[in-house]
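Heads up, target-v9.txt below (compact mmCIF, C-alpha atoms):
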```txt
# COMPACT_ATOMS: atom_id res chain seq x y z
CA MET A 1 214.40 149.22 -171.93
CA ARG A 2 216.82 148.09 -169.28
CA GLN A 3 216.12 151.31 -167.32
CA ILE A 4 212.37 150.73 -167.46
CA ILE A 5 212.77 147.17 -166.17
CA LEU A 6 215.17 148.38 -163.46
CA SER A 7 212.73 151.17 -162.50
CA MET A 8 209.83 148.70 -162.35
CA CYS A 9 211.88 146.33 -160.21
CA CYS A 10 212.74 149.18 -157.83
CA LEU A 11 209.11 150.26 -157.69
CA PHE A 12 208.00 146.68 -157.04
CA ALA A 13 210.64 146.30 -154.31
CA PHE A 14 209.54 149.58 -152.73
CA CYS A 15 205.90 148.44 -152.79
CA LEU A 16 206.83 145.16 -151.12
CA TYR A 17 208.88 147.03 -148.51
CA SER A 18 206.00 149.46 -147.80
CA TYR A 19 203.55 146.60 -147.54
CA GLY A 20 205.87 144.87 -145.05
CA GLN A 21 206.20 148.06 -142.99
CA GLN A 22 202.42 148.47 -142.86
CA LYS A 23 202.08 144.86 -141.73
CA GLN A 24 204.69 145.41 -138.98
CA ILE A 25 202.92 148.56 -137.79
CA ALA A 26 199.57 146.76 -137.73
CA LYS A 27 201.15 143.83 -135.88
CA ALA A 28 202.72 146.20 -133.32
CA LYS A 29 199.35 147.91 -132.74
CA ASN A 30 197.65 144.53 -132.28
CA THR A 31 200.38 143.44 -129.87
CA GLN A 32 199.99 146.66 -127.88
CA ALA A 33 196.21 146.22 -127.75
CA GLU A 34 196.64 142.60 -126.62
CA ASN A 35 199.12 143.66 -123.92
CA THR A 36 196.69 146.32 -122.67
CA LYS A 37 193.89 143.75 -122.64
CA LYS A 38 196.06 141.32 -120.65
CA ALA A 39 197.12 144.04 -118.18
CA ASN A 40 193.46 144.99 -117.61
CA ALA A 41 192.56 141.33 -117.12
CA VAL A 42 195.30 141.03 -114.49
CA LYS A 43 193.97 144.15 -112.72
CA LEU A 44 190.44 142.74 -112.73
CA GLN A 45 191.74 139.42 -111.43
CA LYS A 46 193.53 141.21 -108.57
CA LEU A 47 190.27 142.99 -107.71
CA SER A 48 188.40 139.71 -107.64
CA LEU A 49 191.12 138.27 -105.40
CA LEU A 50 190.44 141.09 -102.97
CA ASP A 51 186.80 139.99 -102.98
CA VAL A 52 185.63 143.49 -103.87
CA LYS A 53 181.87 143.74 -103.66
CA ILE A 54 180.16 146.10 -106.06
CA PRO A 55 176.81 147.23 -104.65
CA ASP A 56 173.62 146.59 -106.53
CA HIS A 57 172.60 149.74 -108.43
CA SER A 58 168.98 149.57 -107.33
CA TRP A 59 170.06 149.44 -103.67
CA VAL A 60 172.36 152.44 -104.21
CA GLN A 61 169.52 154.39 -105.83
CA THR A 62 167.25 153.50 -102.89
CA CYS A 63 169.85 154.93 -100.48
CA ILE A 64 170.17 158.10 -102.57
CA ARG A 65 166.38 158.57 -102.67
CA GLN A 66 166.19 158.06 -98.90
CA TYR A 67 168.81 160.79 -98.39
CA ALA A 68 166.80 163.16 -100.62
CA ASN A 69 163.58 162.27 -98.80
CA VAL A 70 165.05 162.95 -95.37
CA TYR A 71 167.35 165.92 -95.98
CA GLY A 72 165.90 167.43 -99.15
CA VAL A 73 162.44 168.18 -97.75
CA THR A 74 163.31 169.34 -94.25
CA THR A 75 161.97 172.59 -92.86
CA ASP A 76 165.20 173.22 -90.92
CA THR A 77 166.78 176.02 -93.00
CA ARG A 78 170.33 175.11 -91.93
CA ILE A 79 169.91 171.61 -93.34
CA LYS A 80 167.95 172.84 -96.36
CA ASN A 81 170.68 175.37 -97.27
CA ALA A 82 173.43 172.79 -96.81
CA HIS A 83 171.66 170.10 -98.84
CA THR A 84 173.86 168.75 -101.62
CA THR A 85 172.89 165.89 -103.91
CA GLU A 86 176.32 165.11 -105.37
CA ILE A 87 179.86 166.33 -105.68
CA ALA A 88 181.76 165.83 -108.93
CA PHE A 89 185.51 165.32 -109.10
CA GLN A 90 187.44 165.47 -112.36
CA ARG A 91 188.73 161.96 -113.06
CA ASP A 92 192.21 162.94 -114.24
CA LEU A 93 192.86 165.21 -111.25
CA LEU A 94 191.59 162.61 -108.80
CA LYS A 95 193.66 159.90 -110.50
CA ALA A 96 196.80 162.07 -110.34
CA TRP A 97 196.20 162.67 -106.61
CA LEU A 98 195.74 158.93 -105.95
CA GLU A 99 198.90 158.10 -107.91
CA GLU A 100 200.84 160.74 -105.97
CA LEU A 101 199.55 159.26 -102.69
CA GLU A 102 200.75 155.83 -103.73
CA LEU A 103 204.25 157.09 -104.51
CA THR A 104 204.77 159.58 -101.68
CA THR A 105 202.76 158.53 -98.61
CA ASP A 106 202.02 155.58 -96.34
CA CYS A 107 198.31 155.75 -97.30
CA ASP A 108 196.45 152.45 -97.27
CA ASN A 109 192.84 153.69 -97.19
CA ILE A 110 190.80 156.74 -98.14
CA ARG A 111 188.13 158.15 -95.87
CA VAL A 112 185.27 160.33 -97.04
CA GLN A 113 184.72 163.04 -94.47
CA PHE A 114 181.85 165.51 -94.46
CA GLY A 115 182.13 169.21 -93.80
CA ILE A 116 180.29 172.48 -94.33
CA TYR A 117 181.91 174.71 -96.94
CA THR A 118 182.93 178.00 -95.35
CA GLY A 119 184.05 179.89 -98.45
CA ASN A 120 187.33 180.27 -100.34
CA PRO A 121 189.78 181.22 -97.58
CA ASP A 122 192.13 183.99 -98.70
CA ASN A 123 191.11 183.25 -102.32
CA ARG A 124 193.80 180.54 -102.30
CA TYR A 125 191.91 178.18 -104.60
CA THR A 126 191.78 179.16 -108.26
CA ILE A 127 189.75 176.35 -109.79
CA PRO A 128 186.98 177.71 -112.04
CA HIS A 129 183.94 176.50 -110.11
CA ILE A 130 185.13 177.50 -106.61
CA ASN A 131 183.49 180.91 -106.56
CA ARG A 132 180.11 179.45 -107.61
CA ILE A 133 179.94 177.37 -104.43
CA LYS A 134 177.73 178.91 -101.81
CA ALA A 135 178.93 178.99 -98.20
CA ASN A 136 177.31 176.58 -95.74
CA ARG A 137 176.90 173.79 -98.33
CA LEU A 138 177.65 170.17 -97.49
CA MET A 139 181.09 169.13 -98.84
CA ILE A 140 183.05 165.93 -98.85
CA PHE A 141 186.78 165.68 -98.38
CA LEU A 142 188.82 162.63 -99.32
CA TYR A 143 191.36 162.02 -96.57
CA PRO A 144 194.29 159.65 -96.97
CA TYR A 145 194.76 157.37 -93.95
CA SER A 146 197.26 154.77 -92.88
CA GLY A 147 195.37 152.37 -90.67
CA ASN A 148 193.46 154.58 -88.24
CA ASN A 149 195.80 157.56 -88.53
CA LYS A 150 196.04 160.26 -91.16
CA ALA A 151 198.59 159.26 -93.79
CA ARG A 152 202.06 160.76 -93.63
CA ILE A 153 204.36 161.93 -96.41
CA THR A 154 207.20 159.45 -96.95
CA ALA A 155 208.78 161.08 -100.03
CA LEU A 156 208.32 164.61 -101.26
CA PRO A 157 205.71 164.87 -104.02
CA LEU A 158 206.04 167.24 -106.94
CA SER A 159 203.28 169.33 -105.39
CA ALA A 160 205.08 169.54 -102.02
CA LYS A 161 204.65 173.33 -101.65
CA GLY A 162 206.61 173.57 -98.41
CA LYS A 163 205.60 170.16 -97.10
CA MET A 164 208.14 167.92 -95.39
CA VAL A 165 208.56 164.19 -94.99
CA GLY A 166 206.62 163.08 -91.91
CA GLU A 167 203.87 165.69 -92.23
CA GLU A 168 200.24 164.76 -92.86
CA ALA A 169 199.36 164.10 -96.48
CA ASP A 170 196.94 166.59 -98.01
CA PRO A 171 193.26 165.73 -98.38
CA TYR A 172 191.52 165.98 -101.73
CA ASP A 173 188.65 168.41 -101.90
CA LEU A 174 187.03 171.08 -103.99
CA GLY A 175 184.79 168.89 -106.02
CA GLU A 176 181.97 170.63 -107.84
CA ILE A 177 178.83 170.69 -105.71
CA HIS A 178 175.46 169.90 -107.31
CA PRO A 179 172.90 171.42 -107.45
```
Could you spell out this file's structure in structure tokens?
Amino acid sequence: MRQIILSMCCLFAFCLYSYGQQKQIAKAKNTQAENTKKANAVKLQKLSLLDVKIPDHSWVQTCIRQYANVYGVTTDTRIKNAHTTEIAFQRDLLKAWLEELELTTDCDNIRVQFGIYTGNPDNRYTIPHINRIKANRLMIFLYPYSGNNKARITALPLSAKGKMVGEEADPYDLGEIHP
């Protein structure tokens, strides 16, 4: 009988311990979620301090339609063949590039520069969609700048590939062209 009571006490103690552990895990998850929420609120507050203006979606759509109306219906075959409606960049790759810029360059602004895609030089790019892009299509390149000059490398990034401190930082390109 004493063993049964001792076993039941141990089982009860174990149940209480497990319950306490579950409560601590739940509390830790809630704390982490609250910390993330607070960090995001601070980021949003910093953006509002910068007086960032987000354009009205209807105005943006009007601009996009105007572009399509002017360049999408032209009879000039050079423009017609180059016409691009959008270029998609993978979020995680773009984010990694921006984070690398922050840590390794003097970049303080990004410029969107337009170009005409001339093909995959020397087959140096191996991303899956690169060979589906037709030559002579409109492309955009994201160029890191420091003031009015192209940004310079201040610390060697992991993707240095022969780059040296003081050289121009690499642009970001090779988004997926649509259509």
Need the shell around Thr85 of chain A: protein/DNA/RNA residues with any atom at most 12 Å away, counting all atoms listed in the file. Skip same-chain ones fewer than 2 positions apart. Format as a PDB file with C-alpha atoms, in the coordinates of the input?
```
ATOM      1  CA  CYS A  63     169.850 154.930-100.480  1.00  0.00           C
ATOM      2  CA  ILE A  64     170.170 158.100-102.570  1.00  0.00           C
ATOM      3  CA  ARG A  65     166.380 158.570-102.670  1.00  0.00           C
ATOM      4  CA  GLN A  66     166.190 158.060 -98.900  1.00  0.00           C
ATOM      5  CA  TYR A  67     168.810 160.790 -98.390  1.00  0.00           C
ATOM      6  CA  ALA A  68     166.800 163.160-100.620  1.00  0.00           C
ATOM      7  CA  ASN A  69     163.580 162.270 -98.800  1.00  0.00           C
ATOM      8  CA  VAL A  70     165.050 162.950 -95.370  1.00  0.00           C
ATOM      9  CA  TYR A  71     167.350 165.920 -95.980  1.00  0.00           C
ATOM     10  CA  GLY A  72     165.900 167.430 -99.150  1.00  0.00           C
ATOM     11  CA  LYS A  80     167.950 172.840 -96.360  1.00  0.00           C
ATOM     12  CA  ASN A  81     170.680 175.370 -97.270  1.00  0.00           C
ATOM     13  CA  ALA A  82     173.430 172.790 -96.810  1.00  0.00           C
ATOM     14  CA  HIS A  83     171.660 170.100 -98.840  1.00  0.00           C
ATOM     15  CA  ILE A  87     179.860 166.330-105.680  1.00  0.00           C
ATOM     16  CA  ALA A  88     181.760 165.830-108.930  1.00  0.00           C
ATOM     17  CA  ARG A 137     176.900 173.790 -98.330  1.00  0.00           C
ATOM     18  CA  LEU A 138     177.650 170.170 -97.490  1.00  0.00           C
ATOM     19  CA  MET A 139     181.090 169.130 -98.840  1.00  0.00           C
ATOM     20  CA  ILE A 140     183.050 165.930 -98.850  1.00  0.00           C
ATOM     21  CA  GLU A 176     181.970 170.630-107.840  1.00  0.00           C
ATOM     22  CA  ILE A 177     178.830 170.690-105.710  1.00  0.00           C
ATOM     23  CA  HIS A 178     175.460 169.900-107.310  1.00  0.00           C
ATOM     24  CA  PRO A 179     172.900 171.420-107.450  1.00  0.00           C
TER      25      PRO A 179
END
```
Using all atoms listed in the file, which protein or nucleic acid residues come within 6 Å of Tyr143 of chain A? Drop anything in the same chain fewer than 4 positions from it, and give the result as number ranges by chain. A: 110-111, 171
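Taking atom CA of Phe141 of chain A and atom CA of Asp56 of chain A as endpoints, the distance between them is 24.6 Å.
Interatomic distance, atom CA of Trp59 of chain A to atom CA of Ile79 of chain A: 24.5 Å.
Across the structure, atom CA of Ala155 of chain A and atom CA of Gln90 of chain A are spaced 25.0 Å apart.
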Box in all listed atoms of segment 101-110 of chain A, axis-aligned, with 6 Å more on each side; write out centre and edge lengths in Å to one decimal as lines of an AutoDock Vina configuration file.
```
center_x = 197.8
center_y = 156.0
center_z = -100.4
size_x = 26.0
size_y = 19.1
size_z = 20.2
```
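Contact shell of Tyr145 of chain A at 8 Å (only C-alpha atoms; same-chain neighbours under 6 positions omitted): Asp106, Cys107, Asp108, Asn109, Ile110, Arg111 and Ala151 of chain A.
With only C-alpha atoms as the atoms that count, the minimum distance from Arg78 of chain A to the choices A:Thr62, A:Thr104, A:Ile116, A:Asp170 is reached by A:Ile116.
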